[in-house]
Amino acid sequence: MSVRTLTLADTTIGKKAIMAVSGLVLLGFVLVHMAGNLLVFQGPAALNGYADGLRKLGPMLWIARGVLLAAVAAHVWAAVSLYKANEQARPVKYHVQHTAATTYAAKTMRYGGVIILLFVLYHLAHLTFGVGIPGGHAAAPPAGMPGSVSGTDVFHNVVVSFQNPAITGIYVLAQLALALHLYHGAWSFMQTLGLSHPRYNGLRVKLAAAYATVICVGNLSMPIAVMAGLVKLQG
Amino acid sequence: MRLTLHVWRQKKSGDKGAFETHKVENISADSSFLEMLDVLNEEILEKGGEPVAFDHDCREGICGTCGMVVNGMAHGPQALTTTCQLHMRKFKDGDELWIEPWRAKAFPVLRDLVVDRGAFDRIIQAGGFISAKSGSAPDANEILVGKTVADQAMDAAACIGCGACVAACPNASAMLFTAAKITHLGVLPQGQPERDDRARNMVAQMDAEGFGGCTNHGECAEVCPKGISLETIARMNRDFLKAMVIAREPLAARTGG
């Protein structure tokens, strides 16, 4: 009988590394996605122009989508696989369990992950496929008008959506869950990949907190600005 | 001191087990936690009952034999302290204490508060050794080791294998123990020849025993009586991931106990 051999994906640390690397890809995506969307503050021409530019990337766009989809799949697979192993590792629970070092963010990673996954599905249905946009998924304004490009009028869709408190509420709650998940993930991936040194470990946590804060404030600024009437449809 | 104790009683592994409540009086605040349990056992014996089984040996905090979860804290409420070195002055008169064994699939309960930590021995057998001849005692200083490296190795070697890290981890993970052993040998010159295989085999054994994975909560380091740091886990991850990438021999699957 031949001896079964182990690959990286069979081991707990290997699964954690897959989680960390796929998470790192998603950390990068979340930052770029937010930076691009902040163009909403520059008006319809800037935001629609950016969206149009992305669509014109052609095969590059599909490669990027492929990488992101693979990262999400790997992240979810590693999470489910580790979750099962962790649940089995303590069949009889403690009657009293006191925690001293962990954080709310660390304890809620799995729930945050599920919330974020559901939100991403909703977000794609909403702004990519136009499900539930008040007044319908608008086409871009005709040539000569502000924001004129080929394809959809992203600026219009964003503004009319966030004028609806229910939609804004979903986005705000999802961003808070995302911020907690990113905070633990952004320092945790470094620990998992072996990046630890007493001289830099303080900085590691500060960087994660700064990253999560920037993403949260940046993403929340858009629905809040629309609700406050700072960003509105022109003309 | 008067105390109400809810102690986990279990006849043998595989049994269901349950808490049994005892009241003890006249406990000296200067007695250790284990001495308090000795008093309880004397009383149980006088009434013709079965004493509570718990592990202990040196009672000096250096052997790693004792250990129980007191009110949800592995080794009780005092940092950097084993259960035997925990004193009753850390509690208040009238306190209610829940006393449980380490709980992990890989540490089956043998009786009451005694668990089988053979899984740790098997992790050591998988790679926690060096094969280089280190000579007799006078040869110890033949290979010079710098102070910084010696400190790192000694800090990791302080691990007494008590299992509190597993007990405190929300996932019953043995990463801190395994990492301490991998670090202790992996930073020293004598530990270099087997460094890659050591990381791979010890991690494979750790997984095979049914311990959970690390989710970076940090509970293990918080309860460790010897102050083993989370940095050792990052170091183990580094050694393991590098070894998995560069190794020429496949890593054989291992079986747990």
# chains A, B, ... in the order shown; residues from 1 in each chain; ligands from 1
>>> residues_around(residues="A:Ile170", least_positions_apart="5", cutoff="12 Å", atoms="only C-alpha atoms", output="PyMOL selection string")
chain A and resi 115-116+118-120+122-123+126+161-162+164-165+175-177+220+223
>>> write_last_selection(atoms="N, CA, C and O atoms", output="short mmCIF file (atom, residue, chain, number, x, y, z; two decimals), in the first residue's frame")
data_model
loop_
_atom_site.label_atom_id
_atom_site.label_comp_id
_atom_site.auth_asym_id
_atom_site.auth_seq_id
_atom_site.Cartn_x
_atom_site.Cartn_y
_atom_site.Cartn_z
N ILE A 115 -21.93 37.43 6.16
CA ILE A 115 -22.64 38.69 5.86
C ILE A 115 -22.06 39.34 4.60
O ILE A 115 -22.80 39.77 3.71
N ILE A 116 -20.73 39.37 4.52
CA ILE A 116 -20.07 40.01 3.37
C ILE A 116 -20.37 39.25 2.08
O ILE A 116 -20.66 39.86 1.05
N LEU A 118 -23.02 37.42 1.39
CA LEU A 118 -24.42 37.71 1.00
C LEU A 118 -24.52 39.13 0.44
O LEU A 118 -25.21 39.38 -0.55
N PHE A 119 -23.80 40.06 1.07
CA PHE A 119 -23.85 41.44 0.59
C PHE A 119 -23.28 41.56 -0.82
O PHE A 119 -23.83 42.27 -1.66
N VAL A 120 -22.16 40.86 -1.08
CA VAL A 120 -21.54 40.93 -2.41
C VAL A 120 -22.52 40.44 -3.48
O VAL A 120 -22.64 41.04 -4.55
N TYR A 122 -25.78 40.52 -3.27
CA TYR A 122 -26.81 41.56 -3.41
C TYR A 122 -26.26 42.74 -4.21
O TYR A 122 -26.92 43.27 -5.11
N HIS A 123 -25.02 43.13 -3.88
CA HIS A 123 -24.38 44.29 -4.50
C HIS A 123 -24.21 44.06 -6.01
O HIS A 123 -24.45 44.98 -6.82
N HIS A 126 -27.62 44.22 -7.56
CA HIS A 126 -28.12 45.58 -7.51
C HIS A 126 -27.46 46.48 -8.55
O HIS A 126 -28.08 46.91 -9.50
N SER A 161 -30.42 55.05 -5.97
CA SER A 161 -30.47 53.95 -5.00
C SER A 161 -30.25 54.44 -3.59
O SER A 161 -30.98 54.08 -2.67
N PHE A 162 -29.22 55.27 -3.41
CA PHE A 162 -28.88 55.70 -2.06
C PHE A 162 -29.85 56.76 -1.52
O PHE A 162 -29.81 57.11 -0.35
N ASN A 164 -32.79 55.97 -1.36
CA ASN A 164 -33.73 55.07 -0.69
C ASN A 164 -33.11 54.61 0.64
O ASN A 164 -32.07 53.94 0.64
N PRO A 165 -33.71 54.96 1.78
CA PRO A 165 -33.11 54.63 3.08
C PRO A 165 -32.90 53.13 3.29
O PRO A 165 -31.94 52.73 3.95
N GLN A 175 -21.00 47.59 5.41
CA GLN A 175 -19.68 48.23 5.53
C GLN A 175 -19.12 48.09 6.94
O GLN A 175 -17.91 47.96 7.12
N LEU A 176 -20.00 48.14 7.96
CA LEU A 176 -19.53 47.98 9.33
C LEU A 176 -19.01 46.55 9.54
O LEU A 176 -17.96 46.34 10.14
N ALA A 177 -19.75 45.57 8.99
CA ALA A 177 -19.30 44.18 9.10
C ALA A 177 -17.98 44.00 8.35
O ALA A 177 -17.07 43.33 8.82
N LEU A 220 -18.51 54.47 3.32
CA LEU A 220 -19.72 55.03 3.93
C LEU A 220 -19.98 56.46 3.46
O LEU A 220 -21.12 56.92 3.46
N PRO A 223 -22.91 56.64 0.33
CA PRO A 223 -24.35 56.66 0.63
C PRO A 223 -24.75 57.83 1.53
O PRO A 223 -25.83 58.41 1.34
#
>>> closest_atom_pairs(of="stretch 167-226 of chain B", to="stretch 102-107 of chain B", cutoff="12 Å", atoms="only C-alpha atoms", output="CSV")
residue,atom,partner,partner_atom,distance
B:Ala167,CA,B:Trp102,CA,4.8
B:Ala168,CA,B:Trp102,CA,8.2
B:Cys169,CA,B:Ala104,CA,9.5
B:Pro170,CA,B:Ala104,CA,10.0
B:Asn171,CA,B:Ala104,CA,8.6
B:Ala172,CA,B:Ala104,CA,5.6
B:Ser173,CA,B:Ala104,CA,8.6
B:Ala174,CA,B:Ala106,CA,9.4
B:Gln205,CA,B:Ala106,CA,11.3
B:Met206,CA,B:Ala106,CA,9.3
B:Asp207,CA,B:Ala106,CA,9.9
B:Ala208,CA,B:Ala106,CA,9.3
B:Glu209,CA,B:Ala106,CA,5.7
B:Gly210,CA,B:Ala106,CA,5.5
B:Phe211,CA,B:Ala106,CA,6.0
B:Gly212,CA,B:Ala104,CA,9.0
>>> residues_around(residues="B:Val223", least_positions_apart="3", cutoff="12 Å", atoms="only C-alpha atoms", output="JSON, numbers by chain")
{"A": [98, 99, 100, 101], "B": [67, 68, 69, 70, 72, 73, 74, 75, 76, 77, 78, 79, 80, 81, 82, 83, 162, 163, 164, 165, 166, 167, 168, 169, 176, 218, 219, 220, 226, 227, 228, 229, 230]}
>>> interface_residues(of="chain A", to="chain B", cutoff="6 Å", atoms="only C-alpha atoms", output="list in words")
Arg4, Thr5, Leu6, Thr12, Ala85, Asn86, Ala89, Arg90, Val96, Gln97, His98, Ala101, Thr102, Gln191, Gly194 and Ser196 of chain A
>>> residues_around(residues="stretch 48-56 of chain A", least_positions_apart="6", cutoff="9 Å", atoms="only C-alpha atoms", output="mmCIF file with N, CA, C and O atoms, in the first residue's frame")
data_model
loop_
_atom_site.group_PDB
_atom_site.id
_atom_site.type_symbol
_atom_site.label_atom_id
_atom_site.label_comp_id
_atom_site.auth_asym_id
_atom_site.auth_seq_id
_atom_site.Cartn_x
_atom_site.Cartn_y
_atom_site.Cartn_z
ATOM 1 N N GLY A 36 -11.931 53.937 -6.887
ATOM 2 C CA GLY A 36 -12.632 54.202 -8.137
ATOM 3 C C GLY A 36 -14.013 54.796 -7.887
ATOM 4 O O GLY A 36 -14.407 55.791 -8.508
ATOM 5 N N ASN A 37 -14.726 54.216 -6.920
ATOM 6 C CA ASN A 37 -16.093 54.669 -6.653
ATOM 7 C C ASN A 37 -16.142 56.074 -6.090
ATOM 8 O O ASN A 37 -17.150 56.767 -6.252
ATOM 9 N N LEU A 39 -14.966 58.510 -7.199
ATOM 10 C CA LEU A 39 -15.144 59.459 -8.315
ATOM 11 C C LEU A 39 -16.579 59.979 -8.389
ATOM 12 O O LEU A 39 -16.849 60.956 -9.082
ATOM 13 N N VAL A 40 -17.490 59.347 -7.649
ATOM 14 C CA VAL A 40 -18.879 59.823 -7.621
ATOM 15 C C VAL A 40 -18.924 61.278 -7.145
ATOM 16 O O VAL A 40 -19.793 62.056 -7.539
ATOM 17 N N ALA A 140 -26.851 55.135 -20.132
ATOM 18 C CA ALA A 140 -26.082 56.375 -20.063
ATOM 19 C C ALA A 140 -26.780 57.473 -20.865
ATOM 20 O O ALA A 140 -27.472 57.189 -21.845
ATOM 21 N N GLY A 147 -21.775 63.265 -18.387
ATOM 22 C CA GLY A 147 -21.684 61.837 -18.055
ATOM 23 C C GLY A 147 -21.913 60.952 -19.247
ATOM 24 O O GLY A 147 -22.147 59.759 -19.112
ATOM 25 N N SER A 148 -21.859 61.509 -20.431
ATOM 26 C CA SER A 148 -22.134 60.728 -21.627
ATOM 27 C C SER A 148 -21.018 59.730 -21.934
ATOM 28 O O SER A 148 -19.864 60.097 -22.080
ATOM 29 N N VAL A 149 -21.363 58.448 -21.932
ATOM 30 C CA VAL A 149 -20.441 57.361 -22.285
ATOM 31 C C VAL A 149 -21.291 56.233 -22.838
ATOM 32 O O VAL A 149 -22.509 56.316 -22.815
ATOM 33 N N SER A 150 -20.635 55.138 -23.256
ATOM 34 C CA SER A 150 -21.411 53.981 -23.683
ATOM 35 C C SER A 150 -21.832 53.195 -22.450
ATOM 36 O O SER A 150 -21.182 53.276 -21.413
ATOM 37 N N GLY A 151 -22.883 52.419 -22.532
ATOM 38 C CA GLY A 151 -23.276 51.542 -21.421
ATOM 39 C C GLY A 151 -24.249 52.179 -20.464
ATOM 40 O O GLY A 151 -25.081 53.001 -20.847
ATOM 41 N N THR A 152 -24.123 51.812 -19.170
ATOM 42 C CA THR A 152 -25.116 52.240 -18.187
ATOM 43 C C THR A 152 -24.712 53.532 -17.497
ATOM 44 O O THR A 152 -23.538 53.882 -17.441
ATOM 45 N N ASP A 153 -25.698 54.231 -16.960
ATOM 46 C CA ASP A 153 -25.459 55.467 -16.221
ATOM 47 C C ASP A 153 -25.244 55.118 -14.749
ATOM 48 O O ASP A 153 -26.168 55.138 -13.941
ATOM 49 N N VAL A 154 -24.013 54.760 -14.419
ATOM 50 C CA VAL A 154 -23.687 54.328 -13.052
ATOM 51 C C VAL A 154 -24.026 55.416 -12.043
ATOM 52 O O VAL A 154 -24.594 55.146 -10.984
ATOM 53 N N PHE A 155 -23.694 56.655 -12.395
ATOM 54 C CA PHE A 155 -23.931 57.770 -11.472
ATOM 55 C C PHE A 155 -25.409 57.850 -11.095
ATOM 56 O O PHE A 155 -25.771 57.935 -9.925
#
>>> residues_around(residues="A:Ala186", least_positions_apart="5", cutoff="12 Å", atoms="only C-alpha atoms", output="ChimeraX atom specification")
/A:19-28,30,105-106,109,178-181,191-193,195,203-213,215 /B:216
>>> residues_around(residues="A:His137", least_positions_apart="3", cutoff="9 Å", atoms="only C-alpha atoms", output="list in words")
Leu127, Phe129, Gly130, Val131, Gly132, Ile133, Pro134, Thr152, Asp153, Val154, His156 and Asn157 of chain A
>>> write_last_selection(atoms="all heavy atoms", output="CSV table (one decimal), in the first residue's frame")
chain,number,residue,atom,x,y,z
A,127,LEU,N,-26.2,46.7,-8.4
A,127,LEU,CA,-25.5,47.8,-9.3
A,127,LEU,C,-24.9,47.2,-10.6
A,127,LEU,O,-24.7,48.0,-11.5
A,127,LEU,CB,-24.5,48.6,-8.5
A,127,LEU,CG,-25.1,49.6,-7.5
A,127,LEU,CD1,-24.1,50.2,-6.6
A,127,LEU,CD2,-25.9,50.7,-8.3
A,129,PHE,N,-26.3,44.3,-12.2
A,129,PHE,CA,-27.4,43.8,-13.0
A,129,PHE,C,-28.7,44.6,-12.9
A,129,PHE,O,-29.7,44.4,-13.6
A,129,PHE,CB,-27.7,42.3,-12.7
A,129,PHE,CG,-26.5,41.4,-12.9
A,129,PHE,CD1,-25.8,40.9,-11.9
A,129,PHE,CD2,-26.1,41.2,-14.2
A,129,PHE,CE1,-24.7,40.1,-12.1
A,129,PHE,CE2,-24.9,40.4,-14.5
A,129,PHE,CZ,-24.2,39.9,-13.4
A,130,GLY,N,-28.7,45.6,-12.0
A,130,GLY,CA,-29.8,46.6,-11.9
A,130,GLY,C,-31.0,46.1,-11.2
A,130,GLY,O,-32.1,46.6,-11.5
A,131,VAL,N,-30.9,45.1,-10.3
A,131,VAL,CA,-32.1,44.6,-9.6
A,131,VAL,C,-32.5,45.6,-8.5
A,131,VAL,O,-31.6,46.0,-7.7
A,131,VAL,CB,-31.8,43.2,-9.0
A,131,VAL,CG1,-33.0,42.8,-8.2
A,131,VAL,CG2,-31.4,42.2,-10.1
A,132,GLY,N,-33.7,46.1,-8.6
A,132,GLY,CA,-34.2,46.9,-7.5
A,132,GLY,C,-33.8,48.3,-7.5
A,132,GLY,O,-33.9,49.0,-6.5
A,133,ILE,N,-33.3,48.8,-8.6
A,133,ILE,CA,-32.9,50.2,-8.6
A,133,ILE,C,-34.2,51.0,-8.9
A,133,ILE,O,-35.0,50.7,-9.8
A,133,ILE,CB,-31.9,50.5,-9.8
A,133,ILE,CG1,-30.6,49.9,-9.4
A,133,ILE,CG2,-31.8,52.0,-10.0
A,133,ILE,CD1,-29.5,50.1,-10.5
A,134,PRO,N,-34.5,52.0,-8.0
A,134,PRO,CA,-35.7,52.8,-8.2
A,134,PRO,C,-35.8,53.4,-9.6
A,134,PRO,O,-34.8,54.1,-10.0
A,134,PRO,CB,-35.7,53.9,-7.1
A,134,PRO,CG,-34.7,53.3,-6.1
A,134,PRO,CD,-33.7,52.5,-6.8
A,152,THR,N,-24.1,51.8,-19.2
A,152,THR,CA,-25.1,52.2,-18.2
A,152,THR,C,-24.7,53.5,-17.5
A,152,THR,O,-23.5,53.9,-17.4
A,152,THR,CB,-25.3,51.2,-17.1
A,152,THR,OG1,-24.0,50.8,-16.6
A,152,THR,CG2,-26.0,49.9,-17.6
A,153,ASP,N,-25.7,54.2,-17.0
A,153,ASP,CA,-25.5,55.5,-16.2
A,153,ASP,C,-25.2,55.1,-14.7
A,153,ASP,O,-26.2,55.1,-13.9
A,153,ASP,CB,-26.6,56.4,-16.4
A,153,ASP,CG,-26.4,57.8,-15.8
A,153,ASP,OD1,-25.3,57.9,-15.1
A,153,ASP,OD2,-27.1,58.7,-16.1
A,154,VAL,N,-24.0,54.8,-14.4
A,154,VAL,CA,-23.7,54.3,-13.1
A,154,VAL,C,-24.0,55.4,-12.0
A,154,VAL,O,-24.6,55.1,-11.0
A,154,VAL,CB,-22.2,54.0,-13.0
A,154,VAL,CG1,-21.8,53.6,-11.6
A,154,VAL,CG2,-21.9,52.8,-13.9
A,156,HIS,N,-26.3,57.8,-12.1
A,156,HIS,CA,-27.7,57.8,-11.9
A,156,HIS,C,-28.2,56.7,-11.0
A,156,HIS,O,-28.9,56.9,-10.0
A,156,HIS,CB,-28.5,57.8,-13.2
A,156,HIS,CG,-29.9,57.5,-13.1
A,156,HIS,ND1,-30.5,56.3,-13.0
A,156,HIS,CD2,-31.0,58.4,-12.9
A,156,HIS,CE1,-31.8,56.3,-12.9
A,156,HIS,NE2,-32.1,57.6,-12.8
A,157,ASN,N,-27.7,55.5,-11.3
A,157,ASN,CA,-28.1,54.3,-10.5
A,157,ASN,C,-27.7,54.4,-9.0
A,157,ASN,O,-28.4,54.0,-8.1
A,157,ASN,CB,-27.5,53.0,-11.1
A,157,ASN,CG,-28.1,52.7,-12.5
A,157,ASN,OD1,-29.1,53.3,-12.9
A,157,ASN,ND2,-27.3,51.9,-13.3
>>> decode(residues="stretch 32-72 of chain B", atoms="C-alpha atoms", output="PDB file, in the first residue's frame")
ATOM      1  CA  SER B  32      -2.319  26.371  46.802  1.00  0.00           C
ATOM      2  CA  PHE B  33      -5.210  25.442  44.524  1.00  0.00           C
ATOM      3  CA  LEU B  34      -4.118  21.797  44.526  1.00  0.00           C
ATOM      4  CA  GLU B  35      -3.848  21.801  48.354  1.00  0.00           C
ATOM      5  CA  MET B  36      -7.420  23.064  48.429  1.00  0.00           C
ATOM      6  CA  LEU B  37      -8.398  20.072  46.248  1.00  0.00           C
ATOM      7  CA  ASP B  38      -6.405  17.796  48.618  1.00  0.00           C
ATOM      8  CA  VAL B  39      -8.588  19.076  51.472  1.00  0.00           C
ATOM      9  CA  LEU B  40     -11.695  18.397  49.395  1.00  0.00           C
ATOM     10  CA  ASN B  41     -10.479  14.863  48.633  1.00  0.00           C
ATOM     11  CA  GLU B  42      -9.805  14.166  52.348  1.00  0.00           C
ATOM     12  CA  GLU B  43     -13.405  15.135  53.078  1.00  0.00           C
ATOM     13  CA  ILE B  44     -14.750  13.013  50.223  1.00  0.00           C
ATOM     14  CA  LEU B  45     -12.681  10.026  51.432  1.00  0.00           C
ATOM     15  CA  GLU B  46     -13.940  10.435  55.023  1.00  0.00           C
ATOM     16  CA  LYS B  47     -17.491  10.201  53.708  1.00  0.00           C
ATOM     17  CA  GLY B  48     -16.523   7.063  51.767  1.00  0.00           C
ATOM     18  CA  GLY B  49     -16.612   8.661  48.324  1.00  0.00           C
ATOM     19  CA  GLU B  50     -14.210   8.529  45.374  1.00  0.00           C
ATOM     20  CA  PRO B  51     -11.660  11.379  45.468  1.00  0.00           C
ATOM     21  CA  VAL B  52     -11.414  13.781  42.543  1.00  0.00           C
ATOM     22  CA  ALA B  53      -8.639  12.646  40.198  1.00  0.00           C
ATOM     23  CA  PHE B  54      -6.260  15.372  39.020  1.00  0.00           C
ATOM     24  CA  ASP B  55      -2.721  15.374  37.618  1.00  0.00           C
ATOM     25  CA  HIS B  56       0.159  16.836  39.596  1.00  0.00           C
ATOM     26  CA  ASP B  57       3.808  16.106  40.149  1.00  0.00           C
ATOM     27  CA  CYS B  58       6.387  18.745  41.107  1.00  0.00           C
ATOM     28  CA  ARG B  59       3.949  21.359  42.478  1.00  0.00           C
ATOM     29  CA  GLU B  60       6.682  23.901  41.694  1.00  0.00           C
ATOM     30  CA  GLY B  61       5.339  25.085  38.359  1.00  0.00           C
ATOM     31  CA  ILE B  62       8.076  23.475  36.275  1.00  0.00           C
ATOM     32  CA  CYS B  63       6.964  19.962  35.308  1.00  0.00           C
ATOM     33  CA  GLY B  64       3.836  20.677  33.255  1.00  0.00           C
ATOM     34  CA  THR B  65       1.800  17.853  34.771  1.00  0.00           C
ATOM     35  CA  CYS B  66      -0.973  19.816  36.487  1.00  0.00           C
ATOM     36  CA  GLY B  67      -3.619  21.837  34.792  1.00  0.00           C
ATOM     37  CA  MET B  68      -7.342  22.459  34.931  1.00  0.00           C
ATOM     38  CA  VAL B  69      -9.727  25.122  33.753  1.00  0.00           C
ATOM     39  CA  VAL B  70     -10.981  27.269  36.630  1.00  0.00           C
ATOM     40  CA  ASN B  71     -13.941  29.520  35.855  1.00  0.00           C
ATOM     41  CA  GLY B  72     -13.159  29.315  32.151  1.00  0.00           C
TER      42      GLY B  72
END
